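S.K.: Just so it is clear, I am handing over structure_37.cif, which has mmCIF, C-alpha atoms.
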```cif
data_start
loop_
_atom_site.group_PDB
_atom_site.id
_atom_site.type_symbol
_atom_site.label_atom_id
_atom_site.label_comp_id
_atom_site.auth_asym_id
_atom_site.auth_seq_id
_atom_site.Cartn_x
_atom_site.Cartn_y
_atom_site.Cartn_z
ATOM 1 C CA MET A 1 -10.261 -26.219 71.221
ATOM 2 C CA MET A 2 -12.398 -23.456 72.757
ATOM 3 C CA ASN A 3 -10.268 -20.822 71.045
ATOM 4 C CA LYS A 4 -10.887 -22.465 67.658
ATOM 5 C CA ILE A 5 -14.643 -22.538 68.278
ATOM 6 C CA LYS A 6 -14.634 -18.852 69.249
ATOM 7 C CA LYS A 7 -12.677 -17.929 66.127
ATOM 8 C CA LEU A 8 -15.126 -19.920 63.975
ATOM 9 C CA ILE A 9 -18.132 -18.168 65.572
ATOM 10 C CA LEU A 10 -16.533 -14.734 65.034
ATOM 11 C CA ALA A 11 -15.817 -15.588 61.377
ATOM 12 C CA VAL A 12 -19.443 -16.634 60.785
ATOM 13 C CA VAL A 13 -20.726 -13.451 62.442
ATOM 14 C CA PHE A 14 -18.394 -11.343 60.294
ATOM 15 C CA ILE A 15 -19.523 -13.069 57.099
ATOM 16 C CA PHE A 16 -23.205 -12.507 57.857
ATOM 17 C CA SER A 17 -22.571 -8.888 58.838
ATOM 18 C CA PHE A 18 -20.599 -8.301 55.625
ATOM 19 C CA SER A 19 -23.362 -9.921 53.609
ATOM 20 C CA ASP A 20 -26.030 -7.750 55.245
ATOM 21 C CA ALA A 21 -24.039 -4.615 54.571
ATOM 22 C CA PHE A 22 -23.653 -5.376 50.864
ATOM 23 C CA CYS A 23 -26.901 -7.148 50.020
ATOM 24 C CA PHE A 24 -27.792 -4.010 48.059
ATOM 25 C CA ASP A 25 -25.656 -2.645 45.228
ATOM 26 C CA ARG A 26 -24.090 0.750 45.635
ATOM 27 C CA PRO A 27 -26.060 3.470 43.837
ATOM 28 C CA ILE A 28 -23.402 4.222 41.233
ATOM 29 C CA VAL A 29 -23.364 3.527 37.541
ATOM 30 C CA THR A 30 -20.881 1.011 36.139
ATOM 31 C CA ASN A 31 -19.168 0.177 32.846
ATOM 32 C CA ILE A 32 -18.958 3.809 31.792
ATOM 33 C CA THR A 33 -17.574 4.457 28.310
ATOM 34 C CA ALA A 34 -17.150 7.525 26.131
ATOM 35 C CA GLU A 35 -16.592 7.442 22.387
ATOM 36 C CA TYR A 36 -16.554 9.841 19.478
ATOM 37 C CA ALA A 37 -19.916 9.910 17.703
ATOM 38 C CA ASN A 38 -19.994 12.332 14.797
ATOM 39 C CA GLY A 39 -19.191 15.963 14.129
ATOM 40 C CA ALA A 40 -18.608 17.614 17.514
ATOM 41 C CA ARG A 41 -20.470 14.962 19.514
ATOM 42 C CA ILE A 42 -19.214 12.443 22.078
ATOM 43 C CA ASN A 43 -21.464 9.651 23.389
ATOM 44 C CA ILE A 44 -21.231 8.667 27.066
ATOM 45 C CA MET A 45 -22.843 5.351 28.051
ATOM 46 C CA TRP A 46 -23.100 3.332 31.254
ATOM 47 C CA THR A 47 -25.012 0.608 33.111
ATOM 48 C CA ASN A 48 -27.493 1.636 35.802
ATOM 49 C CA PRO A 49 -27.293 0.050 39.285
ATOM 50 C CA GLU A 50 -29.878 -2.497 40.407
ATOM 51 C CA ASN A 51 -31.249 -3.893 43.690
ATOM 52 C CA LEU A 52 -30.877 -0.576 45.452
ATOM 53 C CA GLU A 53 -31.952 0.025 49.020
ATOM 54 C CA LYS A 54 -32.603 3.672 48.103
ATOM 55 C CA PRO A 55 -33.598 4.398 44.488
ATOM 56 C CA VAL A 56 -31.557 6.804 42.384
ATOM 57 C CA THR A 57 -33.445 10.055 41.808
ATOM 58 C CA LYS A 58 -31.135 11.706 39.278
ATOM 59 C CA TYR A 59 -27.696 11.692 37.683
ATOM 60 C CA LEU A 60 -25.331 14.619 37.212
ATOM 61 C CA ILE A 61 -22.915 14.539 34.270
ATOM 62 C CA TYR A 62 -19.491 16.200 34.497
ATOM 63 C CA ARG A 63 -16.704 16.747 31.958
ATOM 64 C CA ALA A 64 -13.010 17.422 32.609
ATOM 65 C CA THR A 65 -9.737 17.585 30.693
ATOM 66 C CA LYS A 66 -8.047 15.153 33.088
ATOM 67 C CA PRO A 67 -9.212 11.898 34.731
ATOM 68 C CA PHE A 68 -11.431 11.992 37.827
ATOM 69 C CA SER A 69 -9.528 10.342 40.689
ATOM 70 C CA LYS A 70 -11.558 11.590 43.675
ATOM 71 C CA PHE A 71 -14.927 13.214 44.237
ATOM 72 C CA ALA A 72 -13.371 16.639 44.854
ATOM 73 C CA ASP A 73 -12.376 16.689 41.164
ATOM 74 C CA VAL A 74 -15.968 17.482 40.177
ATOM 75 C CA ASN A 75 -15.531 20.935 41.738
ATOM 76 C CA SER A 76 -13.114 21.938 38.972
ATOM 77 C CA ALA A 77 -14.986 20.044 36.231
ATOM 78 C CA THR A 78 -17.639 21.359 33.859
ATOM 79 C CA PHE A 79 -21.205 20.486 34.832
ATOM 80 C CA LEU A 80 -23.068 19.301 31.722
ATOM 81 C CA ALA A 81 -26.551 18.152 32.665
ATOM 82 C CA GLN A 82 -28.954 16.656 35.181
ATOM 83 C CA ILE A 83 -30.762 13.647 33.737
ATOM 84 C CA SER A 84 -33.341 11.109 34.827
ATOM 85 C CA PRO A 85 -32.396 7.910 36.704
ATOM 86 C CA SER A 86 -33.653 5.760 33.835
ATOM 87 C CA SER A 87 -31.106 7.214 31.412
ATOM 88 C CA THR A 88 -28.170 5.072 30.325
ATOM 89 C CA GLY A 89 -26.416 7.562 28.103
ATOM 90 C CA TYR A 90 -25.782 11.192 27.257
ATOM 91 C CA THR A 91 -24.414 12.975 24.164
ATOM 92 C CA ASP A 92 -21.992 15.824 24.771
ATOM 93 C CA THR A 93 -21.129 18.511 22.218
ATOM 94 C CA VAL A 94 -17.651 20.023 22.449
ATOM 95 C CA LYS A 95 -15.966 22.949 20.705
ATOM 96 C CA ASP A 96 -12.353 21.781 20.355
ATOM 97 C CA LEU A 97 -10.174 18.707 19.884
ATOM 98 C CA SER A 98 -9.077 18.302 23.535
ATOM 99 C CA ASP A 99 -9.143 14.923 25.274
ATOM 100 C CA TYR A 100 -12.127 14.780 27.624
ATOM 101 C CA PHE A 101 -13.029 12.614 30.625
ATOM 102 C CA TYR A 102 -16.499 12.111 32.079
ATOM 103 C CA ALA A 103 -18.075 11.260 35.428
ATOM 104 C CA VAL A 104 -21.659 10.361 36.368
ATOM 105 C CA ILE A 105 -22.652 11.252 39.941
ATOM 106 C CA SER A 106 -25.690 9.552 41.510
ATOM 107 C CA PHE A 107 -28.267 11.036 43.861
ATOM 108 C CA THR A 108 -30.645 9.088 46.076
ATOM 109 C CA ASP A 109 -31.995 11.193 48.928
ATOM 110 C CA GLU A 110 -28.515 12.700 48.990
ATOM 111 C CA CYS A 111 -25.451 12.926 46.770
ATOM 112 C CA TYR A 112 -23.413 9.712 46.609
ATOM 113 C CA THR A 113 -19.912 11.209 46.822
ATOM 114 C CA VAL A 114 -17.914 8.408 45.234
ATOM 115 C CA ILE A 115 -15.637 8.369 42.188
ATOM 116 C CA MET A 116 -14.628 4.918 40.984
ATOM 117 C CA PRO A 117 -12.536 5.014 37.771
ATOM 118 C CA SER A 118 -13.910 2.873 34.931
ATOM 119 C CA MET A 119 -17.168 2.421 36.876
ATOM 120 C CA ASN A 120 -18.685 5.897 37.099
ATOM 121 C CA SER A 121 -15.783 7.877 35.604
ATOM 122 C CA THR A 122 -13.881 7.304 32.376
ATOM 123 C CA VAL A 123 -10.164 6.558 32.480
ATOM 124 C CA ASN A 124 -9.359 7.154 28.820
ATOM 125 C CA GLY A 125 -9.627 10.545 27.192
ATOM 126 C CA VAL A 126 -11.791 10.897 24.091
ATOM 127 C CA HIS A 127 -11.819 13.700 21.544
ATOM 128 C CA VAL A 128 -13.722 14.595 18.419
ATOM 129 C CA GLU A 129 -12.087 14.173 15.052
ATOM 130 C CA ALA A 130 -11.165 17.125 12.895
ATOM 131 C CA GLN A 131 -13.618 17.634 10.068
ATOM 132 C CA LYS A 132 -12.242 17.924 6.552
ATOM 133 C CA LYS A 133 -13.435 21.131 4.945
ATOM 134 C CA ASN A 134 -12.883 19.908 1.393
ATOM 135 C CA PRO A 135 -13.991 16.280 0.876
ATOM 136 C CA VAL A 136 -13.241 14.492 -2.375
ATOM 137 C CA LEU A 137 -14.973 16.278 -5.237
ATOM 138 C CA PRO A 138 -16.087 14.950 -8.631
ATOM 139 C CA LYS A 139 -13.244 14.309 -11.080
ATOM 140 C CA GLN A 140 -10.609 15.138 -8.482
ATOM 141 C CA LYS A 141 -7.414 13.261 -9.149
ATOM 142 C CA ILE A 142 -6.606 10.670 -6.488
ATOM 143 C CA SER A 143 -2.946 9.766 -6.104
ATOM 144 C CA GLU A 144 -2.018 6.130 -6.675
ATOM 145 C CA LYS A 145 -1.084 4.189 -3.580
ATOM 146 C CA LYS A 146 0.669 0.827 -3.651
ATOM 147 C CA TYR A 147 -0.310 -1.980 -1.280
ATOM 148 C CA PRO A 148 1.690 -5.067 -0.244
ATOM 149 C CA LYS A 149 0.568 -8.288 -1.869
ATOM 150 C CA GLY A 150 -2.260 -9.995 0.008
ATOM 151 C CA THR A 151 -3.425 -6.880 1.879
ATOM 152 C CA SER A 152 -6.652 -4.924 1.481
ATOM 153 C CA ARG A 153 -6.540 -1.558 -0.246
ATOM 154 C CA GLU A 154 -8.447 1.498 0.872
ATOM 155 C CA THR A 155 -11.279 1.950 -1.581
ATOM 156 C CA PRO A 156 -12.903 5.369 -2.030
ATOM 157 C CA LEU A 157 -16.670 5.268 -2.040
ATOM 158 C CA PRO A 158 -17.621 5.160 -5.764
ATOM 159 C CA TYR A 159 -20.192 7.926 -5.708
ATOM 160 C CA LEU A 160 -18.278 10.441 -7.837
ATOM 161 C CA ASP A 161 -20.259 9.615 -10.966
ATOM 162 C CA LEU A 162 -23.438 9.915 -8.939
ATOM 163 C CA LEU A 163 -22.491 13.493 -8.054
ATOM 164 C CA ASP A 164 -21.661 14.470 -11.630
ATOM 165 C CA GLY A 165 -24.254 16.775 -13.104
ATOM 166 C CA ILE A 166 -26.448 16.896 -10.047
ATOM 167 C CA GLY A 167 -28.457 20.067 -9.942
ATOM 168 C CA PRO A 168 -30.422 21.433 -7.008
ATOM 169 C CA ASN A 169 -33.717 20.127 -8.383
ATOM 170 C CA GLU A 170 -32.611 16.921 -10.073
ATOM 171 C CA ASN A 171 -34.797 13.945 -9.216
ATOM 172 C CA HIS A 172 -32.885 10.839 -8.091
ATOM 173 C CA ILE A 173 -35.873 8.610 -7.532
ATOM 174 C CA SER A 174 -36.484 5.948 -10.158
ATOM 175 C CA LYS A 175 -39.177 6.577 -12.772
ATOM 176 C CA GLU A 176 -41.091 3.534 -11.521
ATOM 177 C CA ALA A 177 -41.059 4.727 -7.905
ATOM 178 C CA SER A 178 -41.833 8.282 -8.948
ATOM 179 C CA GLY A 179 -44.865 7.215 -10.952
ATOM 180 C CA LYS A 180 -46.111 4.938 -8.202
ATOM 181 C CA ALA A 181 -45.707 7.604 -5.513
ATOM 182 C CA ALA A 182 -47.404 10.212 -7.684
ATOM 183 C CA GLY A 183 -50.285 7.827 -8.317
ATOM 184 C CA LEU A 184 -50.749 7.395 -4.597
ATOM 185 C CA GLY A 185 -50.853 11.130 -4.158
ATOM 186 C CA LEU A 186 -47.602 11.123 -2.172
ATOM 187 C CA ILE A 187 -45.678 13.359 -4.545
ATOM 188 C CA LYS A 188 -46.605 16.902 -5.421
ATOM 189 C CA PRO A 189 -45.228 17.207 -8.970
ATOM 190 C CA ARG A 190 -43.247 20.349 -9.755
ATOM 191 C CA GLU A 191 -43.831 21.717 -6.254
ATOM 192 C CA THR A 192 -41.394 19.711 -4.185
ATOM 193 C CA THR A 193 -37.655 19.286 -4.610
ATOM 194 C CA TRP A 194 -35.486 16.258 -3.970
ATOM 195 C CA LEU A 195 -32.438 16.120 -1.756
ATOM 196 C CA ASN A 196 -29.165 14.748 -3.064
ATOM 197 C CA PRO A 197 -27.749 11.540 -1.520
ATOM 198 C CA PHE A 198 -25.795 12.276 1.657
ATOM 199 C CA PHE A 199 -22.713 10.386 2.867
ATOM 200 C CA PHE A 200 -21.038 10.717 6.243
ATOM 201 C CA GLU A 201 -17.371 11.563 5.967
ATOM 202 C CA GLU A 202 -16.227 8.426 7.800
ATOM 203 C CA ASP A 203 -17.960 6.280 5.158
ATOM 204 C CA MET A 204 -16.152 7.787 2.161
ATOM 205 C CA ILE A 205 -13.052 5.582 2.535
ATOM 206 C CA SER A 206 -13.118 1.830 3.087
ATOM 207 C CA PRO A 207 -12.150 0.729 6.607
ATOM 208 C CA GLU A 208 -9.898 -2.307 6.901
ATOM 209 C CA ARG A 209 -12.328 -4.365 8.970
ATOM 210 C CA GLY A 210 -15.215 -4.336 11.428
ATOM 211 C CA ASP A 211 -18.797 -3.107 11.316
ATOM 212 C CA ALA A 212 -17.917 0.033 9.360
ATOM 213 C CA TYR A 213 -16.398 -2.161 6.627
ATOM 214 C CA TYR A 214 -19.699 -4.047 6.144
ATOM 215 C CA LEU A 215 -21.591 -0.761 5.976
ATOM 216 C CA PHE A 216 -19.118 0.520 3.389
ATOM 217 C CA GLN A 217 -19.697 -2.591 1.257
ATOM 218 C CA ILE A 218 -23.472 -1.964 1.273
ATOM 219 C CA LEU A 219 -22.971 1.673 0.304
ATOM 220 C CA THR A 220 -20.580 0.662 -2.480
ATOM 221 C CA LYS A 221 -22.669 -2.179 -3.883
ATOM 222 C CA TYR A 222 -26.201 -0.827 -3.534
ATOM 223 C CA PHE A 223 -26.642 2.693 -2.175
ATOM 224 C CA ALA A 224 -24.163 4.626 -4.343
ATOM 225 C CA PRO A 225 -25.330 2.889 -7.591
ATOM 226 C CA ARG A 226 -28.916 3.853 -6.576
ATOM 227 C CA ASP A 227 -30.185 0.301 -6.121
ATOM 228 C CA TYR A 228 -32.244 1.513 -3.193
ATOM 229 C CA LYS A 229 -34.472 -1.551 -2.833
ATOM 230 C CA ALA A 230 -31.423 -3.781 -2.376
ATOM 231 C CA SER A 231 -29.916 -1.126 -0.109
ATOM 232 C CA ILE A 232 -32.988 -1.267 2.147
ATOM 233 C CA SER A 233 -32.806 -5.042 2.436
ATOM 234 C CA ALA A 234 -29.074 -5.067 3.200
ATOM 235 C CA LEU A 235 -29.221 -2.189 5.700
ATOM 236 C CA LYS A 236 -32.133 -3.763 7.588
ATOM 237 C CA LYS A 237 -30.113 -6.971 7.962
ATOM 238 C CA LEU A 238 -27.057 -5.048 9.144
ATOM 239 C CA THR A 239 -28.964 -3.045 11.767
ATOM 240 C CA GLY A 240 -30.449 -6.288 13.064
ATOM 241 C CA THR A 241 -27.024 -7.600 14.039
ATOM 242 C CA ASN A 242 -24.803 -6.823 17.016
ATOM 243 C CA ILE A 243 -22.940 -3.797 15.654
ATOM 244 C CA THR A 244 -21.501 -0.718 17.321
ATOM 245 C CA LYS A 245 -23.902 2.114 18.072
ATOM 246 C CA SER A 246 -22.188 4.628 15.791
ATOM 247 C CA VAL A 247 -22.348 2.292 12.777
ATOM 248 C CA GLU A 248 -25.936 1.345 13.628
ATOM 249 C CA ASN A 249 -26.962 5.014 13.727
ATOM 250 C CA ARG A 250 -25.373 5.760 10.349
ATOM 251 C CA SER A 251 -26.934 2.614 8.875
ATOM 252 C CA ILE A 252 -30.400 3.726 10.007
ATOM 253 C CA PHE A 253 -29.791 7.148 8.466
ATOM 254 C CA TYR A 254 -28.840 5.558 5.112
ATOM 255 C CA LEU A 255 -31.913 3.333 5.457
ATOM 256 C CA GLY A 256 -34.030 6.471 5.743
ATOM 257 C CA GLU A 257 -32.405 7.877 2.608
ATOM 258 C CA SER A 258 -33.053 4.615 0.751
ATOM 259 C CA TYR A 259 -36.736 4.699 1.715
ATOM 260 C CA TYR A 260 -36.845 8.348 0.650
ATOM 261 C CA PHE A 261 -35.520 7.618 -2.843
ATOM 262 C CA THR A 262 -37.979 4.753 -3.342
ATOM 263 C CA GLY A 263 -40.903 7.023 -2.468
ATOM 264 C CA ASP A 264 -41.606 5.290 0.870
ATOM 265 C CA PHE A 265 -41.667 8.543 2.820
ATOM 266 C CA GLU A 266 -43.482 7.157 5.859
ATOM 267 C CA ASN A 267 -40.689 4.682 6.587
ATOM 268 C CA ALA A 268 -38.140 7.346 5.727
ATOM 269 C CA VAL A 269 -39.607 9.579 8.425
ATOM 270 C CA ARG A 270 -39.600 6.703 10.936
ATOM 271 C CA SER A 271 -35.922 6.020 10.222
ATOM 272 C CA PHE A 272 -34.776 9.626 10.523
ATOM 273 C CA ILE A 273 -36.689 10.097 13.781
ATOM 274 C CA LYS A 274 -34.802 7.132 15.300
ATOM 275 C CA VAL A 275 -31.439 8.868 14.829
ATOM 276 C CA GLN A 276 -32.525 12.495 15.094
ATOM 277 C CA GLU A 277 -30.865 12.676 18.499
ATOM 278 C CA TYR A 278 -27.462 11.825 16.989
ATOM 279 C CA PHE A 279 -27.681 13.772 13.709
ATOM 280 C CA PRO A 280 -30.066 16.664 14.454
ATOM 281 C CA GLU A 281 -29.048 18.981 11.608
ATOM 282 C CA GLU A 282 -28.916 16.271 8.949
ATOM 283 C CA CYS A 283 -32.195 14.653 10.020
ATOM 284 C CA LYS A 284 -34.007 17.985 10.154
ATOM 285 C CA ARG A 285 -33.742 18.675 6.428
ATOM 286 C CA TRP A 286 -34.451 15.056 5.430
ATOM 287 C CA LEU A 287 -37.513 14.953 7.668
ATOM 288 C CA GLU A 288 -38.771 18.238 6.259
ATOM 289 C CA SER A 289 -38.297 17.048 2.687
ATOM 290 C CA SER A 290 -39.927 13.670 3.417
ATOM 291 C CA LEU A 291 -42.946 15.364 4.962
ATOM 292 C CA ASP A 292 -43.158 17.743 2.003
ATOM 293 C CA HIS A 293 -43.674 14.713 -0.233
ATOM 294 C CA LEU A 294 -46.400 13.262 1.942
ATOM 295 C CA GLU A 295 -50.030 14.218 1.916
ATOM 296 C CA ILE A 296 -50.581 15.117 5.562
#
```
Let me see whether you can do it: turn the structure in this file into structure tokens.
M.R.:
Amino acid sequence: MMNKIKKLILAVVFIFSFSDAFCFDRPIVTNITAEYANGARINIMWTNPENLEKPVTKYLIYRATKPFSKFADVNSATFLAQISPSSTGYTDTVKDLSDYFYAVISFTDECYTVIMPSMNSTVNGVHVEAQKKNPVLPKQKISEKKYPKGTSRETPLPYLDLLDGIGPNENHISKEASGKAAGLGLIKPRETTWLNPFFFEEDMISPERGDAYYLFQILTKYFAPRDYKASISALKKLTGTNITKSVENRSIFYLGESYYFTGDFENAVRSFIKVQEYFPEECKRWLESSLDHLEI
């Protein structure tokens, strides 16, 4: 009987000691993921730790061509950046099509030398997709492809007619919007030029399903036929739903274009600024053109 009581007391002491030791979370990020974004960019995302005894002061981001299995692996990895402890993501730019793995190392008052696969290091390699140098051009013949009965066919984005005859200075805003914007003093007639509609390569062919499919439907039904008011309404609804980050970013970019072509340059600027981090080159020229049309 006494032995049982002693064992029970020891068990209770152990439980309380274990609880005290782990009442604070470890200062490492969790739920790390890496996915292809666009062009040469890869997005790395994670969840920050909470309830820390010692606050995180910074994160170090590393990239490797093989999975991180132990902390010593960071010595042979490529150091990418030091970022703030409030950050929950980082965008890497790579120069080839290799599979890459990522690790996020935490610092408190010292380096937390722990690698935990799938928590603070990715376990699946991710690579950028090769960019087609010659996308579908106007009037290019597209070979016929047969589809089994009852299945969805891949539908090219119907913007070929929209590209026909486009010159560098052709105005694609409606006459109504153009007149209204000019009346408000937002357009400088004959001094500013208009950009042509831009489509991301991944949105030129219909996906089979998912968020990208819904975006493709909006582009097909409203954006490509230049019904920009309807495009704005549909894109705002789509971005308000729980969609993947990559599709959300492209949707916001198309929203900016739709505002641009209706003469609402202020909202166009707001939209492009939201995704400037993900599409810096594309947003730069659209922001410059939008600001050119505004009276600053």
S.K.: Pick out the residues sitting within 12 Å of segment 113-127 of chain A, and hand them over as number ranges by chain; count all atoms listed in the file, and ignore anything fewer than 4 positions along from it in its own chain.
M.R.: A: 26-49, 59-75, 88-89, 92-108
S.K.: Rounded to one decimal place, report the atom CA of Asp211 of chain A-atom CA of Glu281 of chain A distance in Å.
M.R.: 24.4 Å
S.K.: As an exercise, work out the distance from atom CA of Asn267 of chain A to atom CA of Phe253 of chain A in Å and give it to one decimal place.
M.R.: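 These atoms are spaced 11.3 Å apart.
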S.K.: Of the candidates A:Pro207, A:Leu195, A:Glu248, A:Thr262, which shows the shortest atom-to-atom distance to Tyr228 of chain A, using only C-alpha atoms?
M.R.: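 The closest residue to Tyr228 of chain A is A:Thr262.
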S.K.: Kindly resolve the PyMOL selection byres ((chain A and resi 234) around 12) on the present coordinates and return the residues as a PyMOL selection string.
M.R.: chain A and resi 214-223+227-233+235-241+251-252+254-255+258
S.K.: Could you jot down the atom CA of Ala212 of chain A to atom CA of Glu288 of chain A separation for me, Å, one decimal place?
M.R.: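 These atoms are spaced 27.9 Å apart.
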S.K.: Give the answer as one residue: which of A:Pro85, A:Pro225, A:Tyr112, A:Ser246 has the shortest atom-to-atom distance to Asp203 of chain A, using all atoms listed in the file?
M.R.: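 Counting all atoms listed in the file, the residue closest to Asp203 of chain A is A:Ser246.
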S.K.: Counting all atoms listed in the file, note down every residue that has an atom within 12 Å of the point (-34.0, 16.4, 13.4) (file coordinates), as an MDAnalysis selection string.
M.R.: chainID A and resid 253 269:290
